[in-house]
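Below is query-v6.csv, holding CSV, C-alpha atoms.
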chain,number,residue,atom,x,y,z
A,292,MET,CA,0.0,0.0,0.0
A,293,PRO,CA,1.5,3.4,-1.0
A,294,THR,CA,2.4,5.3,2.2
A,295,GLU,CA,1.8,8.6,0.5
A,296,ALA,CA,-1.9,7.7,-0.1
A,297,THR,CA,-2.4,6.7,3.5
A,298,LEU,CA,-3.6,9.3,6.0
A,299,SER,CA,-3.7,9.0,9.7
A,300,MET,CA,-6.9,9.6,11.6
A,301,ALA,CA,-5.6,9.6,15.2
A,302,ASN,CA,-5.0,5.8,15.7
A,303,LEU,CA,-6.8,4.8,12.5
A,304,GLU,CA,-5.2,4.5,9.0
A,305,THR,CA,-7.3,5.2,6.0
A,306,ILE,CA,-6.8,5.5,2.2
A,307,GLY,CA,-9.5,8.2,2.2
A,308,SER,CA,-7.7,11.3,1.1
A,309,PRO,CA,-9.8,14.5,0.8
A,310,THR,CA,-9.8,14.1,-3.0
A,311,LEU,CA,-11.0,10.5,-2.8
A,312,TRP,CA,-13.7,11.4,-0.3
A,313,THR,CA,-14.9,14.3,-2.5
A,314,ILE,CA,-15.0,12.2,-5.7
A,315,THR,CA,-16.8,9.3,-3.9
A,316,VAL,CA,-19.5,11.5,-2.3
A,317,ALA,CA,-20.0,13.5,-5.5
A,318,GLY,CA,-20.5,10.3,-7.4
A,319,LEU,CA,-22.9,9.1,-4.8
A,320,VAL,CA,-25.0,12.3,-4.9
A,321,LEU,CA,-25.0,12.1,-8.7
A,322,LEU,CA,-26.4,8.6,-8.7
A,323,LEU,CA,-29.0,9.4,-6.1
A,324,ALA,CA,-30.1,12.4,-8.2
A,325,VAL,CA,-30.5,10.2,-11.3
A,326,ASP,CA,-32.6,7.8,-9.2
A,327,PHE,CA,-34.8,10.8,-8.1
A,328,VAL,CA,-35.3,11.7,-11.7
A,329,LEU,CA,-36.2,8.1,-12.7
A,330,THR,CA,-38.7,7.8,-9.8
A,331,ARG,CA,-40.3,11.3,-10.3
A,332,ARG,CA,-43.1,9.9,-12.3
A,333,PRO,CA,-44.7,6.8,-10.6
A,334,HIS,CA,-44.7,3.7,-12.8
A,335,ASP,CA,-44.7,0.0,-12.5
A,336,VAL,CA,-41.1,-1.3,-12.8
A,337,ARG,CA,-40.6,-3.9,-15.5
A,338,MET,CA,-38.3,-6.8,-15.0
A,339,ARG,CA,-36.0,-5.7,-17.9
A,340,GLU,CA,-35.6,-2.3,-16.3
A,341,ALA,CA,-34.9,-3.7,-12.8
A,342,VAL,CA,-32.3,-6.3,-14.1
A,343,GLY,CA,-30.6,-3.6,-16.2
A,344,TRP,CA,-30.1,-1.3,-13.3
A,345,SER,CA,-29.1,-4.2,-11.0
A,346,ILE,CA,-26.3,-5.2,-13.4
A,347,PHE,CA,-25.2,-1.6,-13.5
A,348,TYR,CA,-25.0,-1.3,-9.7
A,349,LEU,CA,-23.2,-4.6,-9.4
A,350,ALA,CA,-20.6,-3.5,-12.0
A,351,LEU,CA,-19.8,-0.3,-10.1
A,352,PRO,CA,-18.2,-2.0,-7.0
A,353,LEU,CA,-16.3,-4.4,-9.3
A,354,ILE,CA,-14.8,-1.4,-11.1
A,355,PHE,CA,-14.1,0.4,-7.8
A,356,GLY,CA,-12.5,-2.7,-6.3
A,357,ALA,CA,-10.3,-3.0,-9.4
A,358,TYR,CA,-9.2,0.6,-8.9
A,359,LEU,CA,-8.4,0.0,-5.3
A,360,TRP,CA,-6.3,-3.0,-6.3
A,361,GLY,CA,-4.3,-1.0,-8.8
A,362,ALA,CA,-3.9,2.1,-6.5
A,363,PHE,CA,-3.5,0.6,-3.1
A,364,GLY,CA,-2.8,-3.1,-3.5
A,365,SER,CA,-4.6,-6.4,-3.2
A,366,GLY,CA,-5.0,-6.2,0.6
A,367,VAL,CA,-7.2,-3.1,0.5
A,368,SER,CA,-9.2,-4.5,-2.5
A,369,VAL,CA,-9.9,-7.8,-0.6
A,370,GLU,CA,-11.0,-5.8,2.4
A,371,PHE,CA,-13.4,-3.8,0.2
A,372,PHE,CA,-14.9,-6.9,-1.5
A,373,THR,CA,-15.3,-8.8,1.7
A,374,GLY,CA,-17.0,-5.8,3.4
A,375,TYR,CA,-19.2,-5.4,0.3
A,376,VAL,CA,-20.3,-9.1,0.3
A,377,VAL,CA,-21.2,-8.8,4.0
A,378,GLU,CA,-23.2,-5.6,3.4
A,379,LYS,CA,-24.9,-6.9,0.3
A,380,SER,CA,-26.0,-10.0,2.2
A,381,LEU,CA,-27.4,-7.9,5.1
A,382,SER,CA,-29.1,-5.6,2.6
A,383,VAL,CA,-31.0,-8.5,1.1
A,384,ASP,CA,-32.5,-9.0,4.6
A,385,ASN,CA,-33.3,-5.3,4.6
A,386,LEU,CA,-35.2,-5.8,1.4
A,387,PHE,CA,-37.4,-8.5,2.9
A,388,VAL,CA,-38.4,-6.2,5.8
A,389,PHE,CA,-39.0,-3.4,3.3
A,390,MET,CA,-41.3,-5.8,1.3
A,391,LEU,CA,-43.3,-6.5,4.5
A,392,LEU,CA,-43.6,-2.7,5.2
A,393,LEU,CA,-44.7,-1.9,1.7
A,394,SER,CA,-47.3,-4.7,2.0
A,395,ALA,CA,-48.5,-3.5,5.4
A,396,PHE,CA,-49.0,0.0,4.2
A,397,ALA,CA,-50.6,-1.2,1.0
A,398,VAL,CA,-48.2,1.0,-1.0
A,399,PRO,CA,-49.2,1.0,-4.7
A,400,ALA,CA,-46.7,-0.8,-6.9
A,401,ALA,CA,-46.0,2.4,-8.9
A,402,LEU,CA,-44.9,4.2,-5.7
A,403,ALA,CA,-42.9,1.4,-4.2
A,404,GLN,CA,-39.6,2.5,-5.8
A,405,ARG,CA,-40.0,6.1,-4.4
A,406,VAL,CA,-40.4,4.7,-0.8
A,407,LEU,CA,-37.3,2.4,-1.4
A,408,LEU,CA,-35.3,5.4,-2.6
A,409,TYR,CA,-36.2,7.4,0.5
A,410,GLY,CA,-35.3,4.4,2.6
A,411,ILE,CA,-31.9,4.1,0.8
A,412,ILE,CA,-31.1,7.8,1.4
A,413,GLY,CA,-32.1,7.5,5.1
A,414,ALA,CA,-29.9,4.4,5.4
A,415,LEU,CA,-26.9,6.2,3.9
A,416,VAL,CA,-27.2,9.1,6.2
A,417,LEU,CA,-27.6,6.8,9.3
A,418,ARG,CA,-24.7,4.7,8.2
A,419,ALA,CA,-22.5,7.7,7.8
A,420,ILE,CA,-23.3,8.8,11.3
A,421,PHE,CA,-22.7,5.3,12.8
A,422,ILE,CA,-19.5,5.0,10.8
A,423,ALA,CA,-18.2,8.3,12.3
A,424,LEU,CA,-19.2,7.2,15.8
A,425,GLY,CA,-17.6,3.8,15.2
A,426,ALA,CA,-14.3,5.5,14.1
A,427,ALA,CA,-14.4,7.6,17.2
A,428,VAL,CA,-14.9,4.6,19.4
A,429,LEU,CA,-12.1,2.7,17.7
A,430,GLN,CA,-9.7,5.6,18.3
A,431,SER,CA,-10.4,5.4,22.1
A,432,GLY,CA,-8.8,2.0,22.4
A,433,THR,CA,-8.8,-1.7,21.4
A,434,TRP,CA,-11.6,-2.4,23.8
A,435,ALA,CA,-13.9,-1.2,21.0
A,436,PHE,CA,-13.3,-4.4,19.0
A,437,LEU,CA,-14.5,-6.4,22.0
A,438,LEU,CA,-17.6,-4.2,22.2
A,439,PHE,CA,-18.4,-4.6,18.5
A,440,GLY,CA,-17.7,-8.3,18.7
A,441,GLY,CA,-20.1,-8.6,21.6
A,442,ILE,CA,-22.8,-6.7,19.8
A,443,LEU,CA,-22.5,-8.9,16.7
A,444,ILE,CA,-22.5,-12.2,18.7
A,445,LEU,CA,-25.7,-11.1,20.6
A,446,THR,CA,-27.4,-10.0,17.4
A,447,ALA,CA,-26.4,-13.3,15.7
A,448,GLY,CA,-27.9,-15.2,18.7
A,449,LYS,CA,-31.2,-13.3,18.3
A,450,ILE,CA,-31.3,-13.9,14.6
A,451,LEU,CA,-30.6,-17.6,14.8
A,452,LYS,CA,-33.2,-18.0,17.6
A,453,ASP,CA,-35.9,-16.3,15.5
A,454,ALA,CA,-34.8,-18.3,12.5
A,455,LEU,CA,-34.8,-21.7,14.3
A,456,SER,CA,-38.2,-21.0,15.9
A,457,GLY,CA,-39.8,-21.2,12.4
A,458,GLU,CA,-42.0,-18.2,12.9
A,459,GLU,CA,-42.6,-16.0,9.9
A,460,GLN,CA,-41.2,-12.5,10.1
A,461,LYS,CA,-44.0,-9.9,10.6
A,462,VAL,CA,-44.3,-6.2,10.8
A,463,ASP,CA,-46.8,-4.7,13.3
A,464,ILE,CA,-47.4,-1.0,12.3
A,465,SER,CA,-49.5,-0.3,15.3
A,466,SER,CA,-46.6,-1.1,17.6
A,467,MET,CA,-44.3,1.5,16.0
A,468,ARG,CA,-43.9,4.4,18.3
A,469,THR,CA,-42.9,6.8,15.5
A,470,ILE,CA,-46.1,6.0,13.6
A,471,ARG,CA,-48.3,6.4,16.6
A,472,LEU,CA,-46.7,9.7,17.5
A,473,LEU,CA,-47.2,11.1,14.0
A,474,ARG,CA,-50.9,10.0,13.9
A,475,ARG,CA,-51.5,11.6,17.2
A,476,PHE,CA,-50.2,15.1,16.3
A,477,ILE,CA,-50.6,15.3,12.5
A,478,PRO,CA,-53.7,14.3,10.4
A,479,VAL,CA,-53.2,11.6,7.8
A,480,THR,CA,-55.1,11.3,4.6
A,481,GLU,CA,-57.2,8.2,3.9
A,482,ASP,CA,-55.6,7.5,0.5
A,483,TYR,CA,-52.4,8.0,-1.4
A,484,ARG,CA,-51.9,11.3,-3.3
A,485,GLY,CA,-49.3,10.3,-5.9
A,486,SER,CA,-45.7,10.7,-4.8
A,487,SER,CA,-46.6,13.6,-2.3
A,488,LEU,CA,-45.6,13.1,1.3
A,489,VAL,CA,-47.5,16.2,2.6
A,490,VAL,CA,-50.7,17.8,1.2
A,491,ARG,CA,-53.0,20.6,2.2
A,492,GLU,CA,-56.5,19.3,3.2
A,493,GLY,CA,-59.3,21.3,4.9
A,494,GLY,CA,-57.0,24.3,5.3
A,495,ARG,CA,-54.3,22.5,7.1
A,496,ARG,CA,-51.3,20.3,6.2
A,497,ALA,CA,-51.7,16.5,6.4
A,498,LEU,CA,-49.4,13.6,5.8
A,499,THR,CA,-50.2,10.9,3.2
A,500,PRO,CA,-49.8,7.2,3.9
A,501,LEU,CA,-46.7,7.4,1.7
A,502,ALA,CA,-45.1,9.6,4.4
A,503,LEU,CA,-45.9,7.1,7.1
A,504,ALA,CA,-44.4,4.3,5.1
A,505,THR,CA,-41.3,6.4,4.6
A,506,VAL,CA,-41.0,7.1,8.3
A,507,ALA,CA,-41.4,3.3,9.1
A,508,VAL,CA,-38.6,2.5,6.6
A,509,PHE,CA,-36.4,5.1,8.3
A,510,ALA,CA,-37.1,3.6,11.7
A,511,THR,CA,-36.0,0.1,10.5
A,512,ASP,CA,-32.9,1.7,8.9
A,513,ILE,CA,-31.7,2.6,12.4
A,514,VAL,CA,-31.9,-1.0,13.5
A,515,PHE,CA,-30.0,-2.2,10.4
A,516,ALA,CA,-27.3,0.4,10.9
A,517,VAL,CA,-26.6,-0.8,14.4
A,518,ASP,CA,-25.9,-4.3,13.0
A,519,SER,CA,-24.2,-3.6,9.7
A,520,VAL,CA,-21.6,-1.0,10.7
A,521,PRO,CA,-19.9,-3.1,13.4
A,522,ALA,CA,-20.0,-6.0,10.9
A,523,VAL,CA,-17.9,-4.1,8.3
A,524,TYR,CA,-15.6,-2.8,11.0
A,525,GLY,CA,-14.9,-6.5,11.7
A,526,VAL,CA,-13.5,-6.7,8.1
A,527,THR,CA,-11.6,-3.4,7.9
A,528,GLU,CA,-10.8,-0.6,10.3
A,529,ASP,CA,-10.7,2.0,7.5
A,530,PRO,CA,-13.7,4.4,7.8
A,531,PHE,CA,-13.5,5.2,4.1
A,532,LEU,CA,-13.8,1.5,3.1
A,533,VAL,CA,-16.6,1.0,5.6
A,534,PHE,CA,-18.5,3.9,4.0
A,535,ALA,CA,-17.8,2.8,0.5
A,536,THR,CA,-19.0,-0.8,1.1
A,537,ASN,CA,-22.2,0.5,2.7
A,538,ALA,CA,-22.8,3.0,-0.2
A,539,PHE,CA,-22.2,0.4,-3.0
A,540,ALA,CA,-24.4,-2.2,-1.2
A,541,LEU,CA,-27.3,0.2,-0.7
A,542,LEU,CA,-27.2,2.0,-4.0
A,543,GLY,CA,-28.7,-0.9,-6.0
A,544,LEU,CA,-31.3,-1.9,-3.5
A,545,ARG,CA,-34.2,-0.1,-5.3
A,546,ALA,CA,-33.7,-2.1,-8.6
A,547,LEU,CA,-32.7,-5.3,-6.8
A,548,TYR,CA,-36.0,-5.2,-4.8
A,549,PHE,CA,-38.0,-5.7,-8.0
A,550,VAL,CA,-35.7,-8.4,-9.3
A,551,LEU,CA,-35.9,-10.4,-6.0
A,552,LEU,CA,-39.5,-9.7,-5.2
A,553,GLY,CA,-40.6,-13.2,-6.0
A,554,VAL,CA,-37.4,-14.8,-4.6
A,555,LEU,CA,-37.0,-13.1,-1.2
A,556,ALA,CA,-39.7,-15.2,0.5
A,557,LYS,CA,-38.2,-18.4,-0.9
A,558,LEU,CA,-34.8,-17.7,0.7
A,559,ARG,CA,-36.0,-19.4,3.9
A,560,HIS,CA,-32.6,-20.1,5.3
A,561,LEU,CA,-31.2,-16.6,4.6
A,562,ASN,CA,-31.5,-15.5,8.3
A,563,HIS,CA,-29.7,-18.7,9.4
A,564,GLY,CA,-26.8,-17.7,7.2
A,565,LEU,CA,-26.8,-14.1,8.3
A,566,GLY,CA,-26.8,-15.2,11.9
A,567,ILE,CA,-23.8,-17.5,11.3
A,568,ILE,CA,-22.0,-14.7,9.4
A,569,LEU,CA,-22.5,-12.1,12.1
A,570,ALA,CA,-21.4,-14.6,14.8
A,571,PHE,CA,-18.3,-15.4,12.7
A,572,ILE,CA,-17.4,-11.7,12.3
A,573,GLY,CA,-18.1,-11.1,16.0
A,574,ILE,CA,-15.6,-13.9,16.9
A,575,LYS,CA,-13.1,-12.4,14.5
A,576,LEU,CA,-13.3,-9.1,16.3
A,577,VAL,CA,-12.9,-10.7,19.7
A,578,LEU,CA,-9.9,-12.6,18.5
A,579,HIS,CA,-8.5,-9.4,17.0
A,580,TRP,CA,-8.9,-7.7,20.4
A,581,ALA,CA,-7.4,-10.7,22.2
A,582,HIS,CA,-4.4,-10.7,19.8
A,583,GLY,CA,-3.6,-7.2,20.9
A,584,VAL,CA,-3.5,-8.3,24.5
A,585,TRP,CA,-2.0,-11.8,24.0
A,586,THR,CA,0.1,-12.0,20.8
A,587,TRP,CA,-0.2,-15.8,20.8
A,588,VAL,CA,-4.0,-15.6,20.1
A,589,PRO,CA,-4.5,-16.2,16.4
A,590,GLU,CA,-6.3,-13.8,14.1
A,591,ILE,CA,-8.6,-14.7,11.1
A,592,PRO,CA,-7.2,-13.3,7.8
A,593,THR,CA,-9.5,-11.2,5.7
A,594,LEU,CA,-9.2,-13.5,2.7
A,595,ALA,CA,-10.3,-16.4,4.8
A,596,SER,CA,-13.2,-14.4,6.1
A,597,LEU,CA,-14.3,-13.7,2.5
A,598,GLY,CA,-14.2,-17.5,1.8
A,599,VAL,CA,-16.3,-18.3,4.9
A,600,ILE,CA,-18.9,-15.7,4.1
A,601,ILE,CA,-19.3,-16.8,0.4
A,602,ALA,CA,-19.4,-20.5,1.5
A,603,VAL,CA,-22.2,-19.7,4.1
A,604,LEU,CA,-24.3,-17.7,1.6
A,605,THR,CA,-23.9,-20.4,-1.1
A,606,THR,CA,-24.9,-23.1,1.4
A,607,VAL,CA,-28.0,-21.4,2.7
A,608,THR,CA,-29.1,-20.6,-0.9
A,609,LEU,CA,-28.7,-24.2,-1.9
A,610,THR,CA,-30.5,-25.5,1.2
A,611,SER,CA,-33.3,-23.1,0.6
A,612,VAL,CA,-33.7,-24.3,-3.0
A,613,TYR,CA,-33.7,-27.9,-1.9
A,614,ALA,CA,-36.2,-27.3,0.9
A,615,ASN,CA,-38.6,-25.5,-1.5
A,616,ARG,CA,-38.4,-28.3,-4.1
A,617,ARG,CA,-39.0,-30.9,-1.3
A,618,ASP,CA,-42.1,-29.0,-0.1
A,619,ALA,CA,-43.3,-28.7,-3.7
A,620,GLU,CA,-43.2,-32.4,-4.3
A,621,PRO,CA,-46.7,-34.0,-4.0
A,622,VAL,CA,-47.1,-36.4,-1.1
A,623,SER,CA,-48.1,-39.8,-2.3
A,624,SER,CA,-51.0,-41.6,-0.7
A,625,PRO,CA,-50.5,-45.1,1.1
A,626,THR,CA,-52.1,-46.9,-1.9
A,627,GLU,CA,-49.7,-45.2,-4.3
A,628,ARG,CA,-46.8,-46.2,-2.1

When written as C-alpha cells, how does the structure in this file appear?
Amino acid sequence: MPTEATLSMANLETIGSPTLWTITVAGLVLLLAVDFVLTRRPHDVRMREAVGWSIFYLALPLIFGAYLWGAFGSGVSVEFFTGYVVEKSLSVDNLFVFMLLLSAFAVPAALAQRVLLYGIIGALVLRAIFIALGAAVLQSGTWAFLLFGGILILTAGKILKDALSGEEQKVDISSMRTIRLLRRFIPVTEDYRGSSLVVREGGRRALTPLALATVAVFATDIVFAVDSVPAVYGVTEDPFLVFATNAFALLGLRALYFVLLGVLAKLRHLNHGLGIILAFIGIKLVLHWAHGVWTWVPEIPTLASLGVIIAVLTTVTLTSVYANRRDAEPVSSPTER
C-alpha cells in the first residue's frame, strides 16, 4: 500500500484522502439524483428495467475494487470486496423487511420505488453517522473491538433464535412508536396522493400514507445500521472503506428489490446464514482484540473471512432451494406407495 496515499486519523489508518472522499461523495450524490429523476413519475417497474439497473449497480463495486487493487494493493481491495459481500447479504435481509412494510402500508406498486429510494437515502445518512461514531470509538482503544464483537454475537444469537423458531417475520405497524406519534399530532389522509408526502386538506397540512411508510422505513434503517456498521468494521478498520462498502451495497437496492420480489420469500434459510456470518465476524473481532493483548492468540485473515462468508451464503441458498423443491413435491398416498 503506498504510504503517500495513507492518511492517519488519530490511531486509524485510511486511504480516504480529501480528494478520494470528494469524488466518492460527489458520485454518490449524482447517482441518487439520477434515481430521483427516474422515480419522479410513478410507474410499474418492469423486470427488464430492474435487471438492467441491478447489473449496472453490481458492476460499479467491481470497477471500484479493481481501482483499489491498482492504486492501493490487493489487501485493500480484498477488504473492500469482503465488506461489500457482508453488506450486500445484510441488505437483502433489509429488502425482505421493506417488502413487509410496503405490503403492510398497501403501497401502490407504482410508488414502491420512491419509498425504497427514501429508505436508501435514510440508510446512507444513518450509516455515515454510525461509521463516524464507530471510528471515534475505535480511536479510544482496542476495547472497541470487544464491544463490536459482543454486539454482533448477541445479534447473531437473536437472529438464529428467531430463524430456528420457524415463525414468519412480521411487521406490526400499530406497535411502531414513531407512527403512533405522527398519527397523534398530524392528520393523515385516507388515501395516497401520488408521490406527495404532505398535502393541504381542509385548510391544514396533512401527511399521506406514503409519508408514514417512509418514516417506518427510516425507523427500521436505524436497527439495520446498528448491525451492519460493526460487521464491516470487523472486516476493515478504514472508515472510508466502511462507508464505500455501505454505499455500494445500498445503491442498487431499489432495482434489486423488484428483481428479487418473488425470490425473497423463498430464501427461507437466509437468516440462518446471516446469523452465522454475524457470529463469525463477532468472533473475528474478539480474536483481534485478544491478539492485541496476548500475541499468541491467532487472528482470522480477511481473505479467509471472504471465503467463509461466500461459503455460508452459497450453502443457505442451496439448502433453501432444496427445501422449496422438497415441499413442492406431491405427497403420495398409502395406496400409491

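You can rank A:Phe531, A:Leu498, A:Gly366, A:Leu597 by their closest distance to Pro309 in chain A using all atoms listed in the file, and at the top of that list sits A:Phe531.
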
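If all atoms listed in the file are the atoms counted, then among A:Val479, A:Leu561, A:Leu392, A:Val612 the closest residue to Arg491 in chain A is A:Val479.
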
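Going from CA of Gly573 in chain A over to CA of Asp512 in chain A, you cover 20.8 Å.
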
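When CA of Arg418 in chain A is paired with CA of Val520 in chain A, their separation reads 7.0 Å.
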
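Coordinates place CA of Ala546 in chain A at a distance of 8.5 Å from CA of Val336 in chain A.
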
Could you list, as a VMD selection string, every residue within 12 Å of range 337-352 of chain A, counting all atoms listed in the file and ignoring same-chain residues fewer than 2 positions away? chain A and resid 315 318 to 319 322 to 323 325 to 326 329 334 to 335 354 to 360 368 to 369 371 to 376 379 400 to 401 404 532 535 to 553

For range 482-488 of chain A, find every residue with an atom within 9 Å (counting all atoms listed in the file), except residues of its own chain fewer than 3 positions away, and show them as a PyMOL selection string. chain A and resi 331-333+398-399+402+405-406+479+497-503+505

Write out as a VMD selection string which residues come within 12 Å of Ser596 in chain A when counting all atoms listed in the file, dropping same-chain ones fewer than 2 positions away. chain A and resid 369 to 370 372 to 374 376 to 377 522 to 523 525 to 527 568 to 576 590 to 594 598 to 603

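Here the question is which of A:Ile477, A:Ala414, A:Leu578, A:Ala362 gets nearest to Gly441 in chain A using all atoms listed in the file, and that residue is A:Leu578.
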
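With distances restricted to all atoms listed in the file, A:Ala507 is the closest residue to Met390 in chain A from A:Pro530, A:Leu321, A:Ala507, A:Arg616.
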
Distance query 12 Å from (-28.8, 1.2, 12.1) using all atoms listed in the file, result as a ChimeraX atom specification: /A:381-382,385,410,413-422,424-425,508-522,537

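Shortest separation to Ile411 in chain A among A:Leu429, A:Ile306, A:Leu386, A:Leu473 occurs at residue A:Leu386, atoms counted being all atoms listed in the file.
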